[in-house]
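Novice: Please find target_34.tsv (TSV, C-alpha atoms) on the next line:
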chain	number	residue	atom	x	y	z
A	1	MET	CA	14.33	2.60	-27.53
A	2	LYS	CA	10.65	1.78	-27.95
A	3	ALA	CA	8.30	0.28	-25.38
A	4	ILE	CA	4.69	-0.92	-25.40
A	5	LEU	CA	1.93	-1.04	-22.82
A	6	MET	CA	-0.94	-3.35	-23.78
A	7	LEU	CA	-4.19	-3.78	-21.85
A	8	GLU	CA	-6.26	-6.95	-21.73
A	9	ASP	CA	-8.94	-5.41	-23.94
A	10	GLY	CA	-6.37	-4.98	-26.73
A	11	THR	CA	-5.69	-1.27	-26.22
A	12	VAL	CA	-2.05	-0.48	-27.05
A	13	PHE	CA	0.10	2.48	-25.99
A	14	GLN	CA	3.48	3.01	-27.65
A	15	GLY	CA	6.17	5.08	-25.99
A	16	THR	CA	9.82	5.32	-25.03
A	17	ALA	CA	11.49	2.79	-22.73
A	18	PHE	CA	13.33	3.81	-19.58
A	19	GLY	CA	14.51	1.87	-16.57
A	20	ALA	CA	15.30	-1.82	-16.99
A	21	SER	CA	14.79	-3.80	-20.17
A	22	GLY	CA	12.19	-6.53	-19.93
A	23	CYS	CA	8.60	-7.65	-20.18
A	24	ARG	CA	6.25	-7.72	-17.16
A	25	CYS	CA	2.57	-8.40	-16.49
A	26	GLY	CA	0.43	-6.79	-13.81
A	27	GLU	CA	-2.76	-4.91	-13.07
A	28	VAL	CA	-2.68	-1.41	-14.55
A	29	VAL	CA	-3.70	1.29	-12.04
A	30	PHE	CA	-3.26	5.05	-11.76
A	31	ASN	CA	-1.97	7.13	-8.85
A	32	THR	CA	-2.98	10.78	-8.44
A	33	SER	CA	-0.06	11.85	-6.22
A	34	MET	CA	2.00	14.77	-7.54
A	35	THR	CA	5.20	13.48	-5.94
A	36	GLY	CA	6.39	10.67	-3.68
A	37	TYR	CA	7.04	8.30	-6.57
A	38	GLN	CA	9.92	6.57	-4.80
A	39	GLU	CA	7.75	5.72	-1.79
A	40	ILE	CA	4.99	4.55	-4.13
A	41	LEU	CA	7.30	2.28	-6.12
A	42	THR	CA	8.71	0.66	-2.97
A	43	ASP	CA	5.33	0.11	-1.29
A	44	PRO	CA	4.83	-3.70	-1.30
A	45	SER	CA	1.08	-3.13	-1.73
A	46	TYR	CA	1.86	-2.40	-5.41
A	47	HIS	CA	3.22	-5.90	-5.99
A	48	GLU	CA	2.07	-7.13	-9.45
A	49	GLN	CA	0.72	-3.70	-10.39
A	50	ILE	CA	1.79	-1.43	-13.25
A	51	ILE	CA	1.58	2.10	-11.85
A	52	THR	CA	0.56	5.07	-13.98
A	53	MET	CA	1.27	8.51	-12.54
A	54	THR	CA	-1.31	11.15	-13.45
A	55	TYR	CA	1.07	14.04	-12.76
A	56	PRO	CA	2.82	14.72	-16.08
A	57	LEU	CA	6.45	15.19	-14.93
A	58	ILE	CA	7.97	12.46	-12.75
A	59	GLY	CA	11.56	12.14	-11.58
A	60	ASN	CA	12.37	15.82	-11.06
A	61	THR	CA	13.30	15.31	-7.38
A	62	GLY	CA	15.51	12.30	-8.08
A	63	THR	CA	15.94	9.40	-5.66
A	64	ASN	CA	17.70	8.82	-2.35
A	65	PRO	CA	18.27	5.97	0.15
A	66	GLN	CA	16.08	7.49	2.87
A	67	ASP	CA	12.73	7.46	1.04
A	68	LEU	CA	12.44	3.70	0.63
A	69	GLU	CA	9.30	2.09	2.04
A	70	SER	CA	10.66	-1.46	1.77
A	71	ARG	CA	13.71	-3.41	0.66
A	72	ARG	CA	13.10	-2.95	-3.09
A	73	ILE	CA	10.63	-1.92	-5.79
A	74	PHE	CA	7.64	-4.28	-5.85
A	75	ALA	CA	5.68	-2.71	-8.74
A	76	SER	CA	5.71	-4.61	-12.03
A	77	GLY	CA	6.12	-1.49	-14.15
A	78	PHE	CA	6.02	2.31	-14.18
A	79	VAL	CA	4.15	4.54	-16.64
A	80	VAL	CA	4.72	8.31	-16.94
A	81	LYS	CA	4.08	11.11	-19.41
A	82	GLU	CA	7.60	12.49	-19.05
A	83	CYS	CA	10.59	11.14	-17.10
A	84	CYS	CA	12.93	13.87	-15.92
A	85	GLY	CA	16.54	12.95	-16.66
A	86	HIS	CA	18.10	15.83	-14.72
A	87	PRO	CA	16.69	15.91	-11.17
A	88	SER	CA	17.20	18.93	-8.94
A	89	ASN	CA	16.78	18.40	-5.21
A	90	TRP	CA	19.19	18.82	-2.30
A	91	ARG	CA	18.42	15.28	-1.07
A	92	SER	CA	18.80	13.57	-4.46
A	93	THR	CA	21.58	11.03	-4.93
A	94	GLY	CA	20.45	9.56	-8.26
A	95	ASP	CA	17.92	9.76	-11.08
A	96	LEU	CA	14.74	7.74	-11.60
A	97	ASP	CA	15.92	5.96	-14.74
A	98	ALA	CA	19.02	4.56	-13.00
A	99	TYR	CA	16.94	3.66	-9.95
A	100	LEU	CA	14.52	1.58	-12.04
A	101	LYS	CA	17.44	-0.11	-13.77
A	102	ALA	CA	19.03	-1.00	-10.42
A	103	ASN	CA	15.72	-2.52	-9.30
A	104	ASP	CA	15.00	-4.39	-12.56
A	105	THR	CA	11.79	-2.40	-13.15
A	106	VAL	CA	10.47	-1.62	-16.65
A	107	GLY	CA	9.26	1.89	-17.42
A	108	ILE	CA	7.49	3.55	-20.33
A	109	ALA	CA	7.32	7.30	-20.99
A	110	GLY	CA	5.88	9.52	-23.67
A	111	ILE	CA	2.37	8.06	-23.78
A	112	ASP	CA	-0.88	9.97	-23.29
A	113	THR	CA	-1.43	9.17	-19.62
A	114	ARG	CA	-4.66	11.20	-19.59
A	115	ARG	CA	-6.12	8.90	-22.23
A	116	LEU	CA	-4.96	5.84	-20.26
A	117	VAL	CA	-6.48	7.09	-17.01
A	118	ARG	CA	-9.79	7.94	-18.69
A	119	HIS	CA	-9.83	4.45	-20.20
A	120	ILE	CA	-9.26	2.80	-16.81
A	121	ARG	CA	-11.89	4.98	-15.14
A	122	THR	CA	-14.40	4.00	-17.81
A	123	LYS	CA	-13.56	0.33	-18.26
A	124	GLY	CA	-12.03	-0.38	-14.84
A	125	ALA	CA	-8.57	-1.52	-13.78
A	126	MET	CA	-7.44	-4.37	-15.99
A	127	ARG	CA	-4.55	-6.69	-16.60
A	128	GLY	CA	-1.73	-5.32	-18.70
A	129	ILE	CA	1.73	-6.05	-20.01
A	130	ILE	CA	4.62	-3.60	-20.30
A	131	SER	CA	7.56	-4.44	-22.53
A	132	SER	CA	10.73	-2.93	-23.94
A	133	THR	CA	12.07	-6.21	-25.33
A	134	ILE	CA	9.05	-7.75	-27.10
A	135	LEU	CA	7.25	-5.35	-29.43
A	136	ASP	CA	5.12	-7.89	-31.32
A	137	THR	CA	1.58	-7.18	-30.12
A	138	ASP	CA	0.31	-10.66	-30.99
A	139	LEU	CA	3.00	-12.26	-28.82
A	140	LEU	CA	2.34	-9.78	-26.02
A	141	ALA	CA	-1.38	-10.57	-26.16
A	142	ARG	CA	-0.66	-14.29	-25.79
A	143	ARG	CA	1.62	-13.69	-22.81
A	144	LEU	CA	-0.94	-11.41	-21.19
A	145	ALA	CA	-3.68	-14.00	-21.65
A	146	GLU	CA	-1.65	-16.36	-19.46
A	147	TYR	CA	-1.42	-13.87	-16.56
A	148	PRO	CA	-4.08	-14.76	-13.93
A	149	GLY	CA	-4.57	-11.31	-12.39
A	150	LEU	CA	-5.09	-10.58	-8.69
A	151	VAL	CA	-8.57	-11.85	-7.81
A	152	GLY	CA	-8.57	-15.04	-5.77
A	153	ARG	CA	-4.77	-15.21	-5.46
A	154	ASP	CA	-2.64	-14.95	-2.34
A	155	ILE	CA	0.32	-12.74	-3.28
A	156	VAL	CA	1.06	-11.69	0.31
A	157	LYS	CA	3.29	-14.77	0.48
A	158	ASP	CA	5.52	-13.16	-2.17
A	159	VAL	CA	6.22	-9.99	-0.16
A	160	THR	CA	6.19	-11.02	3.51
A	161	ILE	CA	9.42	-11.60	5.40
A	162	ARG	CA	10.77	-15.09	6.05
A	163	GLN	CA	12.04	-14.53	9.61
A	164	PRO	CA	10.96	-12.19	12.45
A	165	TYR	CA	13.03	-9.11	13.25
A	166	LYS	CA	13.09	-6.26	15.78
A	167	TRP	CA	12.54	-2.60	14.89
A	168	ASN	CA	13.15	0.43	17.11
A	169	GLU	CA	13.98	3.27	14.68
A	170	GLY	CA	11.68	6.27	14.68
A	171	PRO	CA	11.27	9.13	12.20
A	172	ILE	CA	14.39	10.36	10.38
A	173	ASP	CA	15.60	13.94	10.88
A	174	ILE	CA	16.66	14.96	7.37
A	175	PHE	CA	18.25	18.14	8.74
A	176	ALA	CA	20.51	16.27	11.17
A	177	GLY	CA	22.36	13.73	9.09
A	178	ASN	CA	19.28	11.49	8.60
A	179	LYS	CA	19.52	10.28	12.18
A	180	ALA	CA	16.56	8.24	13.40
A	181	GLN	CA	14.77	8.76	16.69
A	182	ARG	CA	14.74	5.84	19.10
A	183	SER	CA	11.78	4.29	20.92
A	184	SER	CA	11.08	4.86	24.58
A	185	GLY	CA	10.04	1.21	24.62
A	186	ARG	CA	6.81	1.71	26.55
A	187	TYR	CA	4.76	-0.75	24.47
A	188	HIS	CA	5.74	-3.95	22.72
A	189	VAL	CA	3.88	-4.35	19.44
A	190	VAL	CA	3.87	-7.37	17.16
A	191	ALA	CA	3.45	-6.25	13.54
A	192	VAL	CA	2.13	-8.88	11.13
A	193	ASP	CA	3.98	-8.23	7.87
A	194	CYS	CA	1.68	-8.61	4.88
A	195	GLY	CA	3.81	-6.07	2.99
A	196	ILE	CA	4.52	-3.48	5.67
A	197	LYS	CA	5.80	0.02	4.87
A	198	THR	CA	8.84	1.34	6.72
A	199	ASN	CA	7.10	4.54	7.77
A	200	ILE	CA	4.43	2.56	9.60
A	201	LEU	CA	7.20	1.11	11.74
A	202	ARG	CA	8.68	4.57	12.27
A	203	ARG	CA	5.33	6.00	13.34
A	204	LEU	CA	4.78	3.16	15.81
A	205	VAL	CA	8.17	3.91	17.33
A	206	ALA	CA	7.32	7.63	17.46
A	207	PHE	CA	4.37	6.72	19.71
A	208	GLY	CA	6.48	4.71	22.14
A	209	CYS	CA	6.50	1.23	20.63
A	210	ASN	CA	9.22	-1.34	20.25
A	211	VAL	CA	8.18	-3.56	17.35
A	212	THR	CA	8.66	-7.21	16.56
A	213	VAL	CA	7.82	-7.82	12.90
A	214	VAL	CA	6.63	-11.34	12.09
A	215	PRO	CA	5.73	-13.13	8.82
A	216	ALA	CA	2.14	-13.07	7.61
A	217	HIS	CA	1.69	-16.80	8.25
A	218	THR	CA	2.52	-16.49	11.98
A	219	THR	CA	-0.24	-18.09	14.09
A	220	ALA	CA	-2.16	-16.50	16.95
A	221	LYS	CA	-0.54	-18.93	19.38
A	222	GLN	CA	2.94	-17.93	18.22
A	223	ILE	CA	2.09	-14.23	18.51
A	224	MET	CA	0.63	-14.53	22.00
A	225	LYS	CA	3.73	-16.44	23.08
A	226	ILE	CA	5.70	-13.22	22.44
A	227	LYS	CA	3.40	-11.46	24.98
A	228	PRO	CA	2.68	-8.27	23.00
A	229	ASP	CA	0.87	-5.23	24.36
A	230	GLY	CA	-0.77	-4.87	20.96
A	231	VAL	CA	-0.86	-6.38	17.47
A	232	PHE	CA	-0.59	-4.37	14.26
A	233	LEU	CA	-1.98	-5.70	10.95
A	234	SER	CA	-0.09	-4.24	8.01
A	235	ASN	CA	-0.90	-3.16	4.51
A	236	GLY	CA	-0.19	-5.51	1.62
A	237	PRO	CA	-1.09	-6.50	-1.94
A	238	GLY	CA	-3.84	-8.46	-3.63
A	239	ASP	CA	-7.13	-10.07	-2.69
A	240	PRO	CA	-7.70	-10.19	1.09
A	241	ALA	CA	-10.16	-13.09	0.79
A	242	ALA	CA	-7.31	-15.29	-0.44
A	243	VAL	CA	-5.18	-14.70	2.68
A	244	THR	CA	-7.18	-17.15	4.79
A	245	TYR	CA	-4.37	-17.99	7.21
A	246	ALA	CA	-4.11	-14.35	8.32
A	247	VAL	CA	-7.87	-14.19	8.89
A	248	GLU	CA	-7.63	-17.28	11.11
A	249	THR	CA	-4.78	-15.69	13.04
A	250	ILE	CA	-6.80	-12.53	13.68
A	251	GLN	CA	-9.80	-14.54	14.84
A	252	GLY	CA	-7.51	-16.23	17.36
A	253	LEU	CA	-6.30	-12.83	18.64
A	254	LEU	CA	-9.60	-10.94	18.90
A	255	GLY	CA	-10.48	-10.10	22.48
A	256	LYS	CA	-7.05	-11.13	23.78
A	257	VAL	CA	-4.93	-8.15	22.74
A	258	PRO	CA	-5.53	-4.67	21.20
A	259	ILE	CA	-5.47	-4.75	17.39
A	260	PHE	CA	-4.88	-1.96	14.86
A	261	GLY	CA	-5.06	-2.59	11.11
A	262	ILE	CA	-4.19	-0.49	8.06
A	263	CYS	CA	-5.28	-1.10	4.44
A	264	LEU	CA	-5.06	-4.88	3.83
A	265	GLY	CA	-4.93	-5.24	7.62
A	266	HIS	CA	-8.28	-3.43	7.77
A	267	GLN	CA	-9.78	-5.79	5.21
A	268	LEU	CA	-8.45	-8.87	7.01
A	269	LEU	CA	-9.88	-7.62	10.32
A	270	ALA	CA	-13.27	-7.11	8.67
A	271	LEU	CA	-13.17	-10.64	7.26
A	272	ALA	CA	-12.26	-11.99	10.70
A	273	LEU	CA	-15.32	-10.19	12.09
A	274	GLY	CA	-17.59	-11.85	9.53
A	275	GLY	CA	-17.56	-9.23	6.79
A	276	ARG	CA	-17.01	-9.55	3.04
A	277	THR	CA	-14.74	-7.80	0.55
A	278	PHE	CA	-15.12	-6.95	-3.12
A	279	LYS	CA	-12.98	-5.50	-5.92
A	280	LEU	CA	-13.33	-1.82	-6.72
A	281	LYS	CA	-13.74	-0.71	-10.32
A	282	PHE	CA	-10.41	1.12	-10.49
A	283	GLY	CA	-9.26	1.32	-6.89
A	284	HIS	CA	-8.08	4.22	-4.76
A	285	HIS	CA	-4.47	5.23	-5.36
A	286	GLY	CA	-3.17	8.66	-4.40
A	287	ALA	CA	-2.45	11.17	-1.65
A	288	ASN	CA	-5.53	13.38	-1.88
A	289	HIS	CA	-8.58	11.27	-0.98
A	290	PRO	CA	-11.14	12.89	1.36
A	291	VAL	CA	-12.38	10.72	4.23
A	292	LYS	CA	-15.02	11.64	6.81
A	293	ASP	CA	-14.76	10.57	10.45
A	294	LEU	CA	-18.36	9.67	11.27
A	295	ARG	CA	-17.78	10.14	15.00
A	296	THR	CA	-16.51	13.73	14.85
A	297	GLY	CA	-17.64	14.95	11.42
A	298	ARG	CA	-14.07	15.98	10.62
A	299	ILE	CA	-12.66	15.52	7.12
A	300	GLU	CA	-9.20	14.06	6.60
A	301	ILE	CA	-7.21	14.21	3.38
A	302	THR	CA	-5.64	10.79	3.11
A	303	CYS	CA	-3.10	8.65	1.30
A	304	GLN	CA	-4.64	5.53	-0.22
A	305	ASN	CA	-3.63	2.44	-2.15
A	306	HIS	CA	-6.11	-0.41	-2.46
A	307	GLY	CA	-8.02	-2.21	-5.18
A	308	PHE	CA	-10.34	-4.14	-2.85
A	309	CYS	CA	-12.82	-2.85	-0.30
A	310	VAL	CA	-14.94	-4.04	2.63
A	311	ASP	CA	-18.67	-4.34	1.92
A	312	ILE	CA	-20.43	-1.99	4.36
A	313	LYS	CA	-23.65	-4.05	4.34
A	314	SER	CA	-21.77	-7.19	5.37
A	315	LEU	CA	-20.90	-5.61	8.74
A	316	SER	CA	-24.27	-4.02	9.49
A	317	SER	CA	-25.33	-6.73	11.96
A	318	ARG	CA	-21.91	-7.69	13.34
A	319	GLN	CA	-21.72	-5.28	16.33
A	320	VAL	CA	-19.06	-3.37	14.43
A	321	GLU	CA	-19.02	0.43	14.46
A	322	LEU	CA	-18.44	2.07	11.06
A	323	THR	CA	-16.10	4.98	11.76
A	324	HIS	CA	-14.92	6.41	8.41
A	325	VAL	CA	-16.27	6.72	4.85
A	326	ASN	CA	-14.75	7.87	1.59
A	327	LEU	CA	-16.41	11.09	0.37
A	328	ASN	CA	-15.69	10.32	-3.29
A	329	ASP	CA	-17.69	7.10	-3.49
A	330	GLN	CA	-19.07	6.46	0.02
A	331	THR	CA	-17.05	3.25	0.46
A	332	LEU	CA	-15.99	2.06	3.90
A	333	GLU	CA	-12.74	3.52	5.26
A	334	GLY	CA	-12.72	2.55	8.93
A	335	ILE	CA	-14.25	0.27	11.58
A	336	CYS	CA	-14.07	-0.17	15.32
A	337	CYS	CA	-15.04	-3.05	17.61
A	338	PRO	CA	-14.70	-1.69	21.19
A	339	ARG	CA	-15.82	-4.89	22.90
A	340	LEU	CA	-12.89	-6.72	21.31
A	341	GLY	CA	-10.37	-3.87	21.46
A	342	ALA	CA	-9.85	-3.69	17.68
A	343	PHE	CA	-10.02	-0.96	15.05
A	344	SER	CA	-8.75	-0.34	11.53
A	345	VAL	CA	-8.70	2.07	8.61
A	346	GLN	CA	-8.57	1.47	4.88
A	347	TYR	CA	-6.28	4.42	4.17
A	348	HIS	CA	-2.64	5.10	5.19
A	349	PRO	CA	-2.28	7.37	8.25
A	350	GLU	CA	1.52	6.95	8.14
A	351	ALA	CA	1.60	8.87	4.80
A	352	SER	CA	4.92	8.62	2.87
A	353	PRO	CA	3.82	10.03	0.61
A	354	GLY	CA	0.81	12.07	1.60
A	355	PRO	CA	-0.71	14.31	4.27
A	356	HIS	CA	-0.38	13.73	8.01
A	357	ASP	CA	-4.03	14.40	8.92
A	358	SER	CA	-4.57	10.88	10.28
A	359	ASP	CA	-1.41	10.45	12.37
A	360	TYR	CA	-3.57	10.60	15.52
A	361	LEU	CA	-4.63	6.99	14.89
A	362	PHE	CA	-1.25	5.75	16.13
A	363	GLY	CA	-1.96	7.69	19.33
A	364	GLN	CA	-5.32	5.94	19.62
A	365	PHE	CA	-3.56	2.60	19.34
A	366	ALA	CA	-1.12	3.57	22.10
A	367	GLN	CA	-4.02	4.73	24.27
A	368	LEU	CA	-5.83	1.44	23.71
A	369	MET	CA	-2.75	-0.48	24.81
A	370	GLU	CA	-2.40	1.80	27.86
A	371	GLN	CA	-5.96	1.08	28.93
A	372	THR	CA	-5.73	-2.68	28.48
Represent the structure from my file as structure tokens, please.
Specialist:
Amino acid sequence: MKAILMLEDGTVFQGTAFGASGCRCGEVVFNTSMTGYQEILTDPSYHEQIITMTYPLIGNTGTNPQDLESRRIFASGFVVKECCGHPSNWRSTGDLDAYLKANDTVGIAGIDTRRLVRHIRTKGAMRGIISSTILDTDLLARRLAEYPGLVGRDIVKDVTIRQPYKWNEGPIDIFAGNKAQRSSGRYHVVAVDCGIKTNILRRLVAFGCNVTVVPAHTTAKQIMKIKPDGVFLSNGPGDPAAVTYAVETIQGLLGKVPIFGICLGHQLLALALGGRTFKLKFGHHGANHPVKDLRTGRIEITCQNHGFCVDIKSLSSRQVELTHVNLNDQTLEGICCPRLGAFSVQYHPEASPGPHDSDYLFGQFAQLMEQT
């Protein structure tokens, strides 16, 4: 069965369909991780994005119920060089093709992903359409022209929860029947869900937190009524400048309670502190990005997924300490505002997938709550 990937500049890639049948629009990006595709697909930060994996063979470790980062796949489509139909892994309970079908996600295989990645790196991330049902390029071009893209749109509202819930499950022990650790309950953290990953919640629990997860539109007054020891600002999709209600919430919390933000949460904190954000040419997506801690000089290999970034110059006179920078392009990766008890990083210290170099940041959050 044939499938087509078309970019907004008219570039067309023809390949073989796998996963669900359908036609979807999204922003086409590439991820440099060699594995972890199930965690990537279920990361809500990829909402309305068509993910291209640079590693040529995807699906060889299968899928399983434990590696989900949210309740479902949020990506609009999946692009690979080769999809493995016969996975081999002791934790696997199914194959990637069936998993995409079950989650109504369109995939395309057999295209030159190196050519696609070079094109995106040269021209920048762009809108695209992936289809296994409509193969007429003129019709696809018309449908794609109607897709508005991500800039200026609030798509956090599409991924956030509707009602608050409690979370107290820690990391899973895969060698002991996938049993989860439980929290000691020392700190009570309110996590603002802009598209939160499950492993963020597990890492918070691992550092002694009981978590109340609340919708992204929850106000500062409502959060403070819960009497948290700290507030966590989660990752999420899209343009941070469009999520104005979350910025207002953060401004109402600053100085009242310790705050820790990751990815979109970092960008929203920077906006609340008076900074600006901008769209990167092709974003940072992968599990191998080097970041330098400006305070210690240490280098961390990090997991990243963002298409927008905080403008360093916009925070230069805001009494905000710049703590981390990306060594690939010198973009901002972390800030700290000690007088207000707030800090954040652009990358993903919780990993899943990715290295664990930055796990210490959850300890810093616990220490900040202890001192407050």
Novice: Any chance you could work out the axis-aligned box around region 258-270 of chain A, listed atoms only, 5 Å on each side, giving centre and edge lengths in Å to one decimal, as AutoDock Vina command-line options?
Specialist:
--center_x -8.7 --center_y -4.7 --center_z 12.5 --size_x 19.1 --size_y 18.4 --size_z 27.4
Novice: Find the residues around region 133-137 of chain A up to 10 Å (only C-alpha atoms counted), leave out those fewer than 6 positions away in its own chain, and share them as a PyMOL selection string.
Specialist: chain A and resi 1-6+10+12+14+17+20-23+106+143
Novice: Between A:Phe308, A:Tyr245, A:Tyr165, A:Phe365, which has the minimum distance to Gly208 (chain A) (counting all atoms listed in the file)?
Specialist: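 The shortest atom-to-atom distance to Gly208 (chain A) comes from A:Phe365.
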Novice: Name the residues, using the chain letters and numbers of the file, that sit within 8 Å of (9.7, -5.3, 4.6) when counting only C-alpha atoms, and give them as a list in words.
Specialist: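 Output of the proximity query reads Pro44, Glu69, Ser70, Arg71, Val159, Thr160, Ile161, Asp193, Gly195, Ile196, Lys197 and Thr198 of chain A.
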Novice: Restricting the calculation to only C-alpha atoms: of A:Arg186, A:Lys256, A:Arg298, A:Arg24, which residue gets closest to Ile129 (chain A)?
Specialist: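 Result for the nearest residue to Ile129 (chain A): A:Arg24.
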Novice: Report as an MDAnalysis selection string all protein, DNA and RNA residues lying within 12 Å of Ala206 (chain A), evaluated on all atoms listed in the file, omitting residues in the same chain fewer than 2 positions from it.
Specialist: chainID A and resid 167:172 180:187 199:204 208:211 350 359:360 362:363 366
Novice: Using Å and a single decimal, report how far CA of Ser358 (chain A) sits from CA of Asp229 (chain A).
Specialist: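 Separation of CA of Asp229 (chain A) and CA of Ser358 (chain A): 22.1 Å.
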Novice: Just the residues within 7 Å of region 224-228 of chain A, please, counting only C-alpha atoms, with nothing from its chain fewer than 5 positions along; format it as a PyMOL selection string.
Specialist: chain A and resi 188-190
Novice: Using all atoms listed in the file, can you tell me which of A:His266, A:Arg276, A:His356, A:Arg72 comes closest to Glu333 (chain A)?
Specialist: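 Closest to Glu333 (chain A), using all atoms listed in the file: A:His266.
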Novice: Using all atoms listed in the file, what residues lie at most 12 Å away from (-7.6, -13.4, 13.9) (file coordinates), given as a JSON list (two decimals) with C-alpha atoms, keeping the file's coordinate frame?
Specialist:
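File part_26.json, as written:
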[["chain", "number", "residue", "atom", "x", "y", "z"],
["A", 192, "VAL", "CA", 2.13, -8.88, 11.13],
["A", 216, "ALA", "CA", 2.14, -13.07, 7.61],
["A", 217, "HIS", "CA", 1.69, -16.80, 8.25],
["A", 218, "THR", "CA", 2.52, -16.49, 11.98],
["A", 219, "THR", "CA", -0.24, -18.09, 14.09],
["A", 220, "ALA", "CA", -2.16, -16.50, 16.95],
["A", 221, "LYS", "CA", -0.54, -18.93, 19.38],
["A", 223, "ILE", "CA", 2.09, -14.23, 18.51],
["A", 224, "MET", "CA", 0.63, -14.53, 22.00],
["A", 231, "VAL", "CA", -0.86, -6.38, 17.47],
["A", 232, "PHE", "CA", -0.59, -4.37, 14.26],
["A", 233, "LEU", "CA", -1.98, -5.70, 10.95],
["A", 243, "VAL", "CA", -5.18, -14.70, 2.68],
["A", 244, "THR", "CA", -7.18, -17.15, 4.79],
["A", 245, "TYR", "CA", -4.37, -17.99, 7.21],
["A", 246, "ALA", "CA", -4.11, -14.35, 8.32],
["A", 247, "VAL", "CA", -7.87, -14.19, 8.89],
["A", 248, "GLU", "CA", -7.63, -17.28, 11.11],
["A", 249, "THR", "CA", -4.78, -15.69, 13.04],
["A", 250, "ILE", "CA", -6.80, -12.53, 13.68],
["A", 251, "GLN", "CA", -9.80, -14.54, 14.84],
["A", 252, "GLY", "CA", -7.51, -16.23, 17.36],
["A", 253, "LEU", "CA", -6.30, -12.83, 18.64],
["A", 254, "LEU", "CA", -9.60, -10.94, 18.90],
["A", 255, "GLY", "CA", -10.48, -10.10, 22.48],
["A", 256, "LYS", "CA", -7.05, -11.13, 23.78],
["A", 257, "VAL", "CA", -4.93, -8.15, 22.74],
["A", 258, "PRO", "CA", -5.53, -4.67, 21.20],
["A", 259, "ILE", "CA", -5.47, -4.75, 17.39],
["A", 260, "PHE", "CA", -4.88, -1.96, 14.86],
["A", 261, "GLY", "CA", -5.06, -2.59, 11.11],
["A", 265, "GLY", "CA", -4.93, -5.24, 7.62],
["A", 266, "HIS", "CA", -8.28, -3.43, 7.77],
["A", 267, "GLN", "CA", -9.78, -5.79, 5.21],
["A", 268, "LEU", "CA", -8.45, -8.87, 7.01],
["A", 269, "LEU", "CA", -9.88, -7.62, 10.32],
["A", 270, "ALA", "CA", -13.27, -7.11, 8.67],
["A", 271, "LEU", "CA", -13.17, -10.64, 7.26],
["A", 272, "ALA", "CA", -12.26, -11.99, 10.70],
["A", 273, "LEU", "CA", -15.32, -10.19, 12.09],
["A", 274, "GLY", "CA", -17.59, -11.85, 9.53],
["A", 340, "LEU", "CA", -12.89, -6.72, 21.31],
["A", 342, "ALA", "CA", -9.85, -3.69, 17.68]]
Novice: Within 10 Å of region 74-82 of chain A, counting all atoms listed in the file, which residues qualify if same-chain residues fewer than 6 places away don't, as a ChimeraX atom specification?
Specialist: /A:5,15-20,22-30,37,40-60,100,103-114,116,128-131,158-159,195,237
